[in-house]
file input07.txt (compact mmCIF, N, CA, C and O atoms)
# COMPACT_ATOMS: atom_id res chain seq x y z
N LEU A 1 93.50 -119.29 -14.74
CA LEU A 1 93.23 -118.96 -13.36
C LEU A 1 94.40 -119.36 -12.48
O LEU A 1 95.04 -120.38 -12.70
N ASN A 2 94.63 -118.56 -11.47
CA ASN A 2 95.68 -118.85 -10.52
C ASN A 2 95.05 -119.52 -9.30
O ASN A 2 94.54 -118.86 -8.41
N GLY A 3 95.04 -120.82 -9.28
CA GLY A 3 94.42 -121.57 -8.20
C GLY A 3 94.30 -123.02 -8.60
O GLY A 3 94.86 -123.45 -9.60
N PHE A 4 93.55 -123.77 -7.84
CA PHE A 4 93.38 -125.21 -8.06
C PHE A 4 91.90 -125.48 -8.25
O PHE A 4 91.07 -125.05 -7.44
N GLU A 5 91.56 -126.20 -9.32
CA GLU A 5 90.15 -126.46 -9.60
C GLU A 5 89.63 -127.64 -8.79
O GLU A 5 90.26 -128.68 -8.70
N VAL A 6 88.47 -127.43 -8.21
CA VAL A 6 87.75 -128.47 -7.49
C VAL A 6 86.61 -128.90 -8.39
O VAL A 6 85.89 -128.07 -8.93
N CYS A 7 86.45 -130.20 -8.57
CA CYS A 7 85.34 -130.66 -9.38
C CYS A 7 84.79 -131.94 -8.77
O CYS A 7 85.50 -132.68 -8.11
N TYR A 8 83.51 -132.11 -8.93
CA TYR A 8 82.85 -133.29 -8.34
C TYR A 8 81.81 -133.78 -9.33
O TYR A 8 81.10 -133.01 -9.94
N MET A 9 81.78 -135.08 -9.49
CA MET A 9 80.83 -135.70 -10.40
C MET A 9 80.49 -137.07 -9.81
O MET A 9 81.38 -137.91 -9.62
N LEU A 10 79.25 -137.26 -9.48
CA LEU A 10 78.81 -138.50 -8.87
C LEU A 10 77.77 -139.20 -9.73
O LEU A 10 77.00 -138.54 -10.43
N ALA A 11 77.73 -140.50 -9.65
CA ALA A 11 76.68 -141.26 -10.31
C ALA A 11 75.34 -140.89 -9.67
O ALA A 11 75.28 -140.63 -8.46
N PRO A 12 74.28 -140.85 -10.46
CA PRO A 12 72.98 -140.40 -9.94
C PRO A 12 72.51 -141.11 -8.67
O PRO A 12 71.88 -140.48 -7.82
N GLN A 13 72.83 -142.38 -8.51
CA GLN A 13 72.38 -143.08 -7.31
C GLN A 13 73.04 -142.56 -6.03
O GLN A 13 72.61 -142.88 -4.93
N HIS A 14 74.08 -141.71 -6.18
CA HIS A 14 74.78 -141.14 -5.02
C HIS A 14 74.46 -139.67 -4.79
O HIS A 14 75.01 -139.05 -3.89
N TRP A 15 73.57 -139.11 -5.61
CA TRP A 15 73.18 -137.71 -5.45
C TRP A 15 72.35 -137.53 -4.18
O TRP A 15 71.69 -138.44 -3.71
N HIS A 16 72.41 -136.32 -3.65
CA HIS A 16 71.58 -135.89 -2.51
C HIS A 16 71.84 -136.69 -1.24
O HIS A 16 70.93 -136.87 -0.43
N LYS A 17 73.06 -137.16 -1.08
CA LYS A 17 73.43 -137.88 0.14
C LYS A 17 74.52 -137.16 0.92
O LYS A 17 74.97 -137.66 1.95
N GLY A 18 74.95 -136.00 0.42
CA GLY A 18 75.96 -135.22 1.13
C GLY A 18 77.40 -135.57 0.79
O GLY A 18 78.33 -134.99 1.35
N TYR A 19 77.61 -136.51 -0.13
CA TYR A 19 78.98 -136.94 -0.45
C TYR A 19 79.80 -135.81 -1.08
O TYR A 19 80.96 -135.61 -0.71
N ALA A 20 79.23 -135.09 -2.02
CA ALA A 20 79.97 -134.01 -2.68
C ALA A 20 80.27 -132.90 -1.67
O ALA A 20 81.40 -132.40 -1.62
N ALA A 21 79.30 -132.54 -0.87
CA ALA A 21 79.50 -131.46 0.12
C ALA A 21 80.61 -131.82 1.10
O ALA A 21 81.50 -131.00 1.37
N GLU A 22 80.59 -133.02 1.60
CA GLU A 22 81.62 -133.46 2.55
C GLU A 22 82.99 -133.52 1.89
O GLU A 22 84.00 -133.11 2.47
N SER A 23 83.03 -134.02 0.67
CA SER A 23 84.31 -134.12 -0.05
C SER A 23 84.92 -132.75 -0.30
O SER A 23 86.12 -132.54 -0.11
N VAL A 24 84.11 -131.80 -0.75
CA VAL A 24 84.61 -130.45 -1.03
C VAL A 24 85.07 -129.78 0.26
O VAL A 24 86.12 -129.13 0.30
N ARG A 25 84.32 -129.95 1.33
CA ARG A 25 84.71 -129.36 2.61
C ARG A 25 86.05 -129.92 3.08
O ARG A 25 86.96 -129.18 3.44
N ARG A 26 86.19 -131.23 3.03
CA ARG A 26 87.44 -131.84 3.50
C ARG A 26 88.61 -131.52 2.57
O ARG A 26 89.73 -131.30 3.04
N PHE A 27 88.36 -131.50 1.27
CA PHE A 27 89.45 -131.15 0.37
C PHE A 27 89.89 -129.72 0.59
O PHE A 27 91.09 -129.42 0.54
N SER A 28 88.96 -128.82 0.84
CA SER A 28 89.32 -127.42 1.11
C SER A 28 90.25 -127.33 2.31
O SER A 28 91.25 -126.61 2.29
N GLU A 29 89.94 -128.06 3.37
CA GLU A 29 90.80 -128.09 4.56
C GLU A 29 92.19 -128.63 4.21
O GLU A 29 93.21 -128.06 4.60
N TYR A 30 92.23 -129.73 3.49
CA TYR A 30 93.50 -130.35 3.09
C TYR A 30 94.31 -129.41 2.20
O TYR A 30 95.53 -129.26 2.36
N ALA A 31 93.64 -128.77 1.25
CA ALA A 31 94.32 -127.85 0.33
C ALA A 31 94.98 -126.71 1.07
O ALA A 31 96.07 -126.27 0.71
N CYS A 32 94.33 -126.24 2.10
CA CYS A 32 94.85 -125.13 2.88
C CYS A 32 95.96 -125.58 3.83
O CYS A 32 97.06 -125.05 3.79
N THR A 33 95.67 -126.56 4.65
CA THR A 33 96.61 -126.93 5.72
C THR A 33 97.78 -127.78 5.24
O THR A 33 98.89 -127.63 5.74
N THR A 34 97.57 -128.66 4.29
CA THR A 34 98.63 -129.56 3.86
C THR A 34 99.32 -129.10 2.58
O THR A 34 100.55 -129.13 2.49
N LEU A 35 98.53 -128.66 1.60
CA LEU A 35 99.11 -128.26 0.32
C LEU A 35 99.52 -126.80 0.29
O LEU A 35 100.28 -126.38 -0.59
N GLY A 36 99.01 -126.01 1.21
CA GLY A 36 99.37 -124.59 1.25
C GLY A 36 98.74 -123.76 0.14
O GLY A 36 99.24 -122.69 -0.19
N LEU A 37 97.66 -124.24 -0.45
CA LEU A 37 97.00 -123.49 -1.52
C LEU A 37 96.21 -122.34 -0.91
O LEU A 37 95.73 -122.42 0.22
N SER A 38 96.07 -121.27 -1.67
CA SER A 38 95.34 -120.12 -1.15
C SER A 38 94.05 -119.85 -1.91
O SER A 38 93.20 -119.11 -1.42
N VAL A 39 93.89 -120.44 -3.11
CA VAL A 39 92.68 -120.20 -3.90
C VAL A 39 92.22 -121.52 -4.53
O VAL A 39 93.02 -122.24 -5.11
N LEU A 40 90.93 -121.79 -4.41
CA LEU A 40 90.30 -122.90 -5.11
C LEU A 40 89.23 -122.31 -6.01
O LEU A 40 88.67 -121.26 -5.71
N TYR A 41 88.94 -122.99 -7.11
CA TYR A 41 87.85 -122.54 -7.97
C TYR A 41 87.06 -123.73 -8.49
O TYR A 41 87.53 -124.86 -8.49
N ALA A 42 85.83 -123.43 -8.90
CA ALA A 42 84.95 -124.45 -9.48
C ALA A 42 84.23 -123.83 -10.66
O ALA A 42 83.83 -122.67 -10.61
N GLN A 43 84.10 -124.60 -11.73
CA GLN A 43 83.34 -124.19 -12.91
C GLN A 43 82.08 -125.06 -12.94
O GLN A 43 82.18 -126.28 -13.02
N ILE A 44 80.93 -124.42 -12.88
CA ILE A 44 79.67 -125.15 -12.78
C ILE A 44 78.75 -124.72 -13.91
O ILE A 44 78.55 -123.53 -14.14
N LYS A 45 78.18 -125.70 -14.59
CA LYS A 45 77.25 -125.39 -15.68
C LYS A 45 76.05 -124.64 -15.14
O LYS A 45 75.46 -125.04 -14.12
N ALA A 46 75.70 -123.54 -15.80
CA ALA A 46 74.54 -122.76 -15.38
C ALA A 46 73.32 -123.66 -15.35
O ALA A 46 73.14 -124.52 -16.21
N GLY A 47 72.51 -123.51 -14.34
CA GLY A 47 71.32 -124.35 -14.21
C GLY A 47 71.53 -125.58 -13.35
O GLY A 47 70.57 -126.25 -12.97
N ASN A 48 72.78 -125.90 -13.02
CA ASN A 48 73.06 -127.05 -12.16
C ASN A 48 73.01 -126.57 -10.70
O ASN A 48 74.04 -126.41 -10.05
N GLN A 49 71.81 -126.34 -10.23
CA GLN A 49 71.61 -125.78 -8.89
C GLN A 49 72.18 -126.66 -7.78
O GLN A 49 72.76 -126.14 -6.83
N PRO A 50 72.07 -127.99 -7.84
CA PRO A 50 72.67 -128.81 -6.77
C PRO A 50 74.19 -128.61 -6.66
O PRO A 50 74.71 -128.49 -5.55
N SER A 51 74.89 -128.53 -7.78
CA SER A 51 76.34 -128.32 -7.73
C SER A 51 76.67 -126.91 -7.23
O SER A 51 77.63 -126.72 -6.48
N ALA A 52 75.88 -125.93 -7.64
CA ALA A 52 76.09 -124.57 -7.15
C ALA A 52 75.88 -124.53 -5.64
O ALA A 52 76.63 -123.87 -4.91
N ALA A 53 74.87 -125.26 -5.15
CA ALA A 53 74.61 -125.29 -3.71
C ALA A 53 75.76 -125.93 -2.94
O ALA A 53 76.11 -125.48 -1.85
N VAL A 54 76.38 -126.97 -3.52
CA VAL A 54 77.54 -127.59 -2.88
C VAL A 54 78.67 -126.57 -2.77
O VAL A 54 79.27 -126.40 -1.71
N ALA A 55 78.96 -125.88 -3.86
CA ALA A 55 80.03 -124.89 -3.87
C ALA A 55 79.74 -123.78 -2.85
O ALA A 55 80.61 -123.43 -2.04
N GLU A 56 78.55 -123.24 -2.88
CA GLU A 56 78.19 -122.16 -1.98
C GLU A 56 78.23 -122.61 -0.52
O GLU A 56 78.69 -121.89 0.36
N GLY A 57 77.77 -123.83 -0.27
CA GLY A 57 77.80 -124.37 1.09
C GLY A 57 79.20 -124.58 1.62
O GLY A 57 79.43 -124.56 2.83
N ALA A 58 80.16 -124.75 0.71
CA ALA A 58 81.56 -124.93 1.11
C ALA A 58 82.32 -123.61 1.15
O ALA A 58 83.53 -123.59 1.32
N GLY A 59 81.60 -122.51 0.95
CA GLY A 59 82.23 -121.20 1.07
C GLY A 59 82.73 -120.59 -0.22
O GLY A 59 83.41 -119.57 -0.20
N PHE A 60 82.39 -121.20 -1.37
CA PHE A 60 82.77 -120.62 -2.65
C PHE A 60 81.80 -119.47 -2.97
O PHE A 60 80.62 -119.54 -2.62
N ILE A 61 82.31 -118.46 -3.65
CA ILE A 61 81.50 -117.30 -4.01
C ILE A 61 81.48 -117.15 -5.52
O ILE A 61 82.53 -117.21 -6.17
N LYS A 62 80.28 -116.97 -6.07
CA LYS A 62 80.15 -116.82 -7.53
C LYS A 62 80.82 -115.53 -7.96
O LYS A 62 80.55 -114.46 -7.42
N GLN A 63 81.71 -115.64 -8.96
CA GLN A 63 82.47 -114.50 -9.45
C GLN A 63 82.00 -113.99 -10.80
O GLN A 63 82.00 -112.81 -11.05
N SER A 64 81.68 -114.93 -11.69
CA SER A 64 81.32 -114.51 -13.04
C SER A 64 80.60 -115.62 -13.78
O SER A 64 80.53 -116.76 -13.33
N VAL A 65 80.07 -115.23 -14.92
CA VAL A 65 79.42 -116.15 -15.85
C VAL A 65 80.26 -116.12 -17.12
O VAL A 65 80.72 -115.07 -17.55
N PHE A 66 80.50 -117.28 -17.72
CA PHE A 66 81.29 -117.34 -18.94
C PHE A 66 80.78 -118.47 -19.83
O PHE A 66 80.01 -119.32 -19.39
N ILE A 67 81.20 -118.45 -21.06
CA ILE A 67 80.82 -119.49 -22.02
C ILE A 67 81.98 -120.46 -22.16
O ILE A 67 83.13 -120.07 -22.36
N LYS A 68 81.66 -121.74 -22.05
CA LYS A 68 82.66 -122.80 -22.18
C LYS A 68 82.17 -123.75 -23.27
O LYS A 68 81.01 -124.13 -23.30
N ARG A 69 83.06 -124.11 -24.16
CA ARG A 69 82.72 -125.08 -25.20
C ARG A 69 82.82 -126.47 -24.59
O ARG A 69 83.85 -126.86 -24.06
N TYR A 70 81.74 -127.22 -24.64
CA TYR A 70 81.66 -128.52 -23.99
C TYR A 70 80.86 -129.45 -24.90
O TYR A 70 79.75 -129.13 -25.29
N ASN A 71 81.45 -130.59 -25.24
CA ASN A 71 80.80 -131.55 -26.15
C ASN A 71 80.33 -130.89 -27.44
O ASN A 71 79.24 -131.16 -27.94
N GLY A 72 81.16 -129.99 -27.98
CA GLY A 72 80.86 -129.35 -29.26
C GLY A 72 79.83 -128.24 -29.20
O GLY A 72 79.41 -127.75 -30.24
N ARG A 73 79.43 -127.85 -27.99
CA ARG A 73 78.42 -126.79 -27.84
C ARG A 73 78.91 -125.72 -26.88
O ARG A 73 79.62 -126.02 -25.92
N ASP A 74 78.52 -124.48 -27.14
CA ASP A 74 78.80 -123.40 -26.21
C ASP A 74 77.79 -123.47 -25.08
O ASP A 74 76.58 -123.52 -25.32
N MET A 75 78.28 -123.50 -23.85
CA MET A 75 77.40 -123.61 -22.68
C MET A 75 77.79 -122.57 -21.65
O MET A 75 78.98 -122.36 -21.38
N GLU A 76 76.80 -121.96 -21.06
CA GLU A 76 77.04 -120.98 -20.01
C GLU A 76 77.47 -121.71 -18.73
O GLU A 76 76.86 -122.71 -18.34
N HIS A 77 78.52 -121.19 -18.12
CA HIS A 77 79.04 -121.74 -16.86
C HIS A 77 79.21 -120.62 -15.85
O HIS A 77 79.33 -119.45 -16.21
N LEU A 78 79.25 -121.00 -14.60
CA LEU A 78 79.48 -120.07 -13.50
C LEU A 78 80.85 -120.36 -12.91
O LEU A 78 81.22 -121.52 -12.74
N LEU A 79 81.59 -119.30 -12.60
CA LEU A 79 82.89 -119.45 -11.97
C LEU A 79 82.74 -119.10 -10.49
O LEU A 79 82.29 -118.01 -10.15
N TYR A 80 83.10 -120.04 -9.64
CA TYR A 80 83.09 -119.85 -8.19
C TYR A 80 84.52 -119.88 -7.68
O TYR A 80 85.33 -120.70 -8.12
N LEU A 81 84.83 -119.00 -6.72
CA LEU A 81 86.15 -118.97 -6.10
C LEU A 81 86.03 -119.09 -4.59
O LEU A 81 85.04 -118.63 -3.99
N LYS A 82 87.06 -119.66 -3.99
CA LYS A 82 87.16 -119.71 -2.53
C LYS A 82 88.58 -119.35 -2.17
O LYS A 82 89.53 -119.97 -2.66
N THR A 83 88.73 -118.35 -1.32
CA THR A 83 90.05 -117.97 -0.81
C THR A 83 90.23 -118.70 0.51
O THR A 83 89.38 -118.61 1.40
N LEU A 84 91.34 -119.41 0.63
CA LEU A 84 91.60 -120.22 1.82
C LEU A 84 92.41 -119.39 2.81
O LEU A 84 93.36 -118.71 2.44
N ARG A 85 92.04 -119.48 4.07
CA ARG A 85 92.76 -118.78 5.13
C ARG A 85 93.79 -119.72 5.74
O ARG A 85 93.63 -120.94 5.71
N ASN A 86 94.82 -119.14 6.29
CA ASN A 86 95.86 -119.89 7.00
C ASN A 86 96.60 -120.87 6.10
O ASN A 86 97.05 -121.90 6.57
N ALA A 87 96.69 -120.54 4.82
CA ALA A 87 97.42 -121.43 3.92
C ALA A 87 98.89 -121.49 4.31
O ALA A 87 99.50 -120.48 4.65
N VAL A 88 99.44 -122.69 4.28
CA VAL A 88 100.85 -122.88 4.59
C VAL A 88 101.65 -122.32 3.44
O VAL A 88 101.39 -122.64 2.29
N ARG A 89 102.62 -121.51 3.70
CA ARG A 89 103.44 -120.90 2.63
C ARG A 89 104.73 -121.67 2.43
O ARG A 89 105.37 -122.13 3.25

call {"tool": "encode", "arguments": {"input": "input07.txt", "output": "structure tokens"}}
result
Amino acid sequence: LNGFEVCYMLAPQHWHKGYAAESVRRFSEYACTTLGLSVLYAQIKAGNQPSAAVAEGAGFIKQSVFIKRYNGRDMEHLLYLKTLRNAVR
């Protein structure tokens, strides 16, 4: 992929407090204004609705479903992309 991967993983005691959403939102701003990136992406395991909601809430759009080998098993994942506006060139 031509872009920068965003990923978030929090300990369960920190779930549902808005930390991932705020981090992704702020990183998206930083990636655009400071790093000059134009595309971010996230790979989310199918069925992980909270992570999908974080991505969608930050403006990522689901592009495709694919199989990723993870811990020795084939697992369905979702690919989300976000195109950043006003990226510094």

call {"tool": "residues_around", "arguments": {"input": "input07.txt", "residues": "Ile61 of chain A", "least_positions_apart": "5", "cutoff": "8 Å", "atoms": "all atoms listed in the file", "output": "VMD selection string"}}
result
chain A and resid 40 to 42 52 55 to 56 78 to 83

call {"tool": "residues_around", "arguments": {"input": "input07.txt", "residues": "Val24 of chain A", "least_positions_apart": "3", "cutoff": "12 Å", "atoms": "only C-alpha atoms", "output": "short mmCIF file (atom, residue, chain, number, x, y, z; two decimals) with N, CA, C and O atoms, in the frame of the given file"}}
result
data_model
loop_
_atom_site.label_atom_id
_atom_site.label_comp_id
_atom_site.auth_asym_id
_atom_site.auth_seq_id
_atom_site.Cartn_x
_atom_site.Cartn_y
_atom_site.Cartn_z
N GLU A 5 91.56 -126.20 -9.32
CA GLU A 5 90.15 -126.46 -9.60
C GLU A 5 89.63 -127.64 -8.79
O GLU A 5 90.26 -128.68 -8.70
N VAL A 6 88.47 -127.43 -8.21
CA VAL A 6 87.75 -128.47 -7.49
C VAL A 6 86.61 -128.90 -8.39
O VAL A 6 85.89 -128.07 -8.93
N CYS A 7 86.45 -130.20 -8.57
CA CYS A 7 85.34 -130.66 -9.38
C CYS A 7 84.79 -131.94 -8.77
O CYS A 7 85.50 -132.68 -8.11
N TYR A 8 83.51 -132.11 -8.93
CA TYR A 8 82.85 -133.29 -8.34
C TYR A 8 81.81 -133.78 -9.33
O TYR A 8 81.10 -133.01 -9.94
N MET A 9 81.78 -135.08 -9.49
CA MET A 9 80.83 -135.70 -10.40
C MET A 9 80.49 -137.07 -9.81
O MET A 9 81.38 -137.91 -9.62
N GLY A 18 74.95 -136.00 0.42
CA GLY A 18 75.96 -135.22 1.13
C GLY A 18 77.40 -135.57 0.79
O GLY A 18 78.33 -134.99 1.35
N TYR A 19 77.61 -136.51 -0.13
CA TYR A 19 78.98 -136.94 -0.45
C TYR A 19 79.80 -135.81 -1.08
O TYR A 19 80.96 -135.61 -0.71
N ALA A 20 79.23 -135.09 -2.02
CA ALA A 20 79.97 -134.01 -2.68
C ALA A 20 80.27 -132.90 -1.67
O ALA A 20 81.40 -132.40 -1.62
N ALA A 21 79.30 -132.54 -0.87
CA ALA A 21 79.50 -131.46 0.12
C ALA A 21 80.61 -131.82 1.10
O ALA A 21 81.50 -131.00 1.37
N PHE A 27 88.36 -131.50 1.27
CA PHE A 27 89.45 -131.15 0.37
C PHE A 27 89.89 -129.72 0.59
O PHE A 27 91.09 -129.42 0.54
N SER A 28 88.96 -128.82 0.84
CA SER A 28 89.32 -127.42 1.11
C SER A 28 90.25 -127.33 2.31
O SER A 28 91.25 -126.61 2.29
N GLU A 29 89.94 -128.06 3.37
CA GLU A 29 90.80 -128.09 4.56
C GLU A 29 92.19 -128.63 4.21
O GLU A 29 93.21 -128.06 4.60
N TYR A 30 92.23 -129.73 3.49
CA TYR A 30 93.50 -130.35 3.09
C TYR A 30 94.31 -129.41 2.20
O TYR A 30 95.53 -129.26 2.36
N ALA A 31 93.64 -128.77 1.25
CA ALA A 31 94.32 -127.85 0.33
C ALA A 31 94.98 -126.71 1.07
O ALA A 31 96.07 -126.27 0.71
N LEU A 40 90.93 -121.79 -4.41
CA LEU A 40 90.30 -122.90 -5.11
C LEU A 40 89.23 -122.31 -6.01
O LEU A 40 88.67 -121.26 -5.71
N TYR A 41 88.94 -122.99 -7.11
CA TYR A 41 87.85 -122.54 -7.97
C TYR A 41 87.06 -123.73 -8.49
O TYR A 41 87.53 -124.86 -8.49
N ALA A 42 85.83 -123.43 -8.90
CA ALA A 42 84.95 -124.45 -9.48
C ALA A 42 84.23 -123.83 -10.66
O ALA A 42 83.83 -122.67 -10.61
N SER A 51 74.89 -128.53 -7.78
CA SER A 51 76.34 -128.32 -7.73
C SER A 51 76.67 -126.91 -7.23
O SER A 51 77.63 -126.72 -6.48
N ALA A 53 74.87 -125.26 -5.15
CA ALA A 53 74.61 -125.29 -3.71
C ALA A 53 75.76 -125.93 -2.94
O ALA A 53 76.11 -125.48 -1.85
N VAL A 54 76.38 -126.97 -3.52
CA VAL A 54 77.54 -127.59 -2.88
C VAL A 54 78.67 -126.57 -2.77
O VAL A 54 79.27 -126.40 -1.71
N ALA A 55 78.96 -125.88 -3.86
CA ALA A 55 80.03 -124.89 -3.87
C ALA A 55 79.74 -123.78 -2.85
O ALA A 55 80.61 -123.43 -2.04
N GLU A 56 78.55 -123.24 -2.88
CA GLU A 56 78.19 -122.16 -1.98
C GLU A 56 78.23 -122.61 -0.52
O GLU A 56 78.69 -121.89 0.36
N GLY A 57 77.77 -123.83 -0.27
CA GLY A 57 77.80 -124.37 1.09
C GLY A 57 79.20 -124.58 1.62
O GLY A 57 79.43 -124.56 2.83
N ALA A 58 80.16 -124.75 0.71
CA ALA A 58 81.56 -124.93 1.11
C ALA A 58 82.32 -123.61 1.15
O ALA A 58 83.53 -123.59 1.32
N GLY A 59 81.60 -122.51 0.95
CA GLY A 59 82.23 -121.20 1.07
C GLY A 59 82.73 -120.59 -0.22
O GLY A 59 83.41 -119.57 -0.20
N PHE A 60 82.39 -121.20 -1.37
CA PHE A 60 82.77 -120.62 -2.65
C PHE A 60 81.80 -119.47 -2.97
O PHE A 60 80.62 -119.54 -2.62
N LYS A 82 87.06 -119.66 -3.99
CA LYS A 82 87.16 -119.71 -2.53
C LYS A 82 88.58 -119.35 -2.17
O LYS A 82 89.53 -119.97 -2.66
#

call {"tool": "axis_aligned_box", "arguments": {"input": "input07.txt", "around": "segment 13-18 of chain A", "padding_each_side": "6 Å", "output": "lines of an AutoDock Vina configuration file"}}
result
center_x = 74.6
center_y = -139.0
center_z = -3.3
size_x = 19.4
size_y = 20.1
size_z = 22.5

call {"tool": "select_by_dssp", "arguments": {"input": "input07.txt", "residues": "segment 12-67 of chain A", "states": "strand (DSSP E or B)", "output": "list in words"}}
result
Val39, Leu40, Tyr41, Ala42, Gln43, Ile44, Lys45, Ile61, Lys62, Gln63, Ser64, Val65, Phe66 and Ile67 of chain A

call {"tool": "atom_distance", "arguments": {"input": "input07.txt", "atom1": "atom O of Arg73 of chain A", "atom2": "atom CA of Gln49 of chain A"}}
result
18.8 Å

call {"tool": "residues_around", "arguments": {"input": "input07.txt", "residues": "Leu84 of chain A", "least_positions_apart": "6", "cutoff": "5 Å", "atoms": "all atoms listed in the file", "output": "number ranges by chain"}}
result
A: 37-39

call {"tool": "atom_distance", "arguments": {"input": "input07.txt", "atom1": "atom CA of Lys62 of chain A", "atom2": "atom CA of Ala46 of chain A"}}
result
11.3 Å

call {"tool": "closest_residue", "arguments": {"input": "input07.txt", "among": "A:Ser64, A:Glu22, A:Gly47, A:Phe4", "to": "His77 of chain A", "atoms": "all atoms listed in the file"}}
result
A:Ser64

call {"tool": "atom_distance", "arguments": {"input": "input07.txt", "atom1": "atom C of Pro50 of chain A", "atom2": "atom C of His16 of chain A"}}
result
10.0 Å

call {"tool": "residues_around", "arguments": {"input": "input07.txt", "residues": "Ile67 of chain A", "least_positions_apart": "3", "cutoff": "7 Å", "atoms": "only C-alpha atoms", "output": "list in words"}}
result
Asp74, Met75, Glu76 and His77 of chain A

call {"tool": "decode", "arguments": {"input": "input07.txt", "residues": "segment 53-74 of chain A", "atoms": "N, CA and C atoms", "output": "short mmCIF file (atom, residue, chain, number, x, y, z; two decimals), in the first residue's frame"}}
result
data_model
loop_
_atom_site.label_atom_id
_atom_site.label_comp_id
_atom_site.auth_asym_id
_atom_site.auth_seq_id
_atom_site.Cartn_x
_atom_site.Cartn_y
_atom_site.Cartn_z
N ALA A 53 -15.38 1.25 14.35
CA ALA A 53 -16.07 2.50 14.69
C ALA A 53 -15.07 3.64 14.90
N VAL A 54 -13.92 3.34 15.50
CA VAL A 54 -12.88 4.37 15.67
C VAL A 54 -12.41 4.85 14.30
N ALA A 55 -12.11 3.92 13.41
CA ALA A 55 -11.64 4.28 12.08
C ALA A 55 -12.70 5.10 11.33
N GLU A 56 -13.92 4.63 11.34
CA GLU A 56 -14.98 5.33 10.63
C GLU A 56 -15.24 6.71 11.23
N GLY A 57 -15.18 6.81 12.55
CA GLY A 57 -15.37 8.10 13.21
C GLY A 57 -14.27 9.10 12.89
N ALA A 58 -13.10 8.60 12.52
CA ALA A 58 -11.98 9.47 12.17
C ALA A 58 -11.93 9.75 10.67
N GLY A 59 -12.94 9.29 9.95
CA GLY A 59 -13.01 9.60 8.52
C GLY A 59 -12.43 8.56 7.59
N PHE A 60 -12.08 7.38 8.12
CA PHE A 60 -11.59 6.30 7.27
C PHE A 60 -12.80 5.64 6.59
N ILE A 61 -12.58 5.16 5.38
CA ILE A 61 -13.65 4.51 4.61
C ILE A 61 -13.23 3.09 4.28
N LYS A 62 -14.13 2.14 4.53
CA LYS A 62 -13.83 0.74 4.25
C LYS A 62 -13.68 0.54 2.75
N GLN A 63 -12.55 -0.07 2.36
CA GLN A 63 -12.25 -0.28 0.94
C GLN A 63 -12.42 -1.72 0.50
N SER A 64 -11.99 -2.64 1.35
CA SER A 64 -12.02 -4.04 0.93
C SER A 64 -11.91 -4.97 2.13
N VAL A 65 -12.14 -6.24 1.84
CA VAL A 65 -11.98 -7.31 2.81
C VAL A 65 -10.87 -8.20 2.27
N PHE A 66 -9.97 -8.65 3.13
CA PHE A 66 -8.88 -9.50 2.69
C PHE A 66 -8.52 -10.50 3.79
N ILE A 67 -7.78 -11.50 3.43
CA ILE A 67 -7.32 -12.51 4.39
C ILE A 67 -5.89 -12.20 4.77
N LYS A 68 -5.64 -12.19 6.07
CA LYS A 68 -4.30 -11.93 6.60
C LYS A 68 -3.94 -13.11 7.51
N ARG A 69 -2.74 -13.61 7.35
CA ARG A 69 -2.26 -14.69 8.21
C ARG A 69 -1.77 -14.05 9.51
N TYR A 70 -2.34 -14.47 10.62
CA TYR A 70 -2.06 -13.87 11.92
C TYR A 70 -2.03 -14.98 12.96
N ASN A 71 -0.93 -15.07 13.69
CA ASN A 71 -0.76 -16.12 14.71
C ASN A 71 -1.01 -17.51 14.13
N GLY A 72 -0.53 -17.74 12.90
CA GLY A 72 -0.63 -19.05 12.27
C GLY A 72 -2.00 -19.39 11.71
N ARG A 73 -2.90 -18.41 11.68
CA ARG A 73 -4.26 -18.65 11.17
C ARG A 73 -4.62 -17.60 10.13
N ASP A 74 -5.41 -18.01 9.14
CA ASP A 74 -5.95 -17.06 8.18
C ASP A 74 -7.14 -16.36 8.81
#
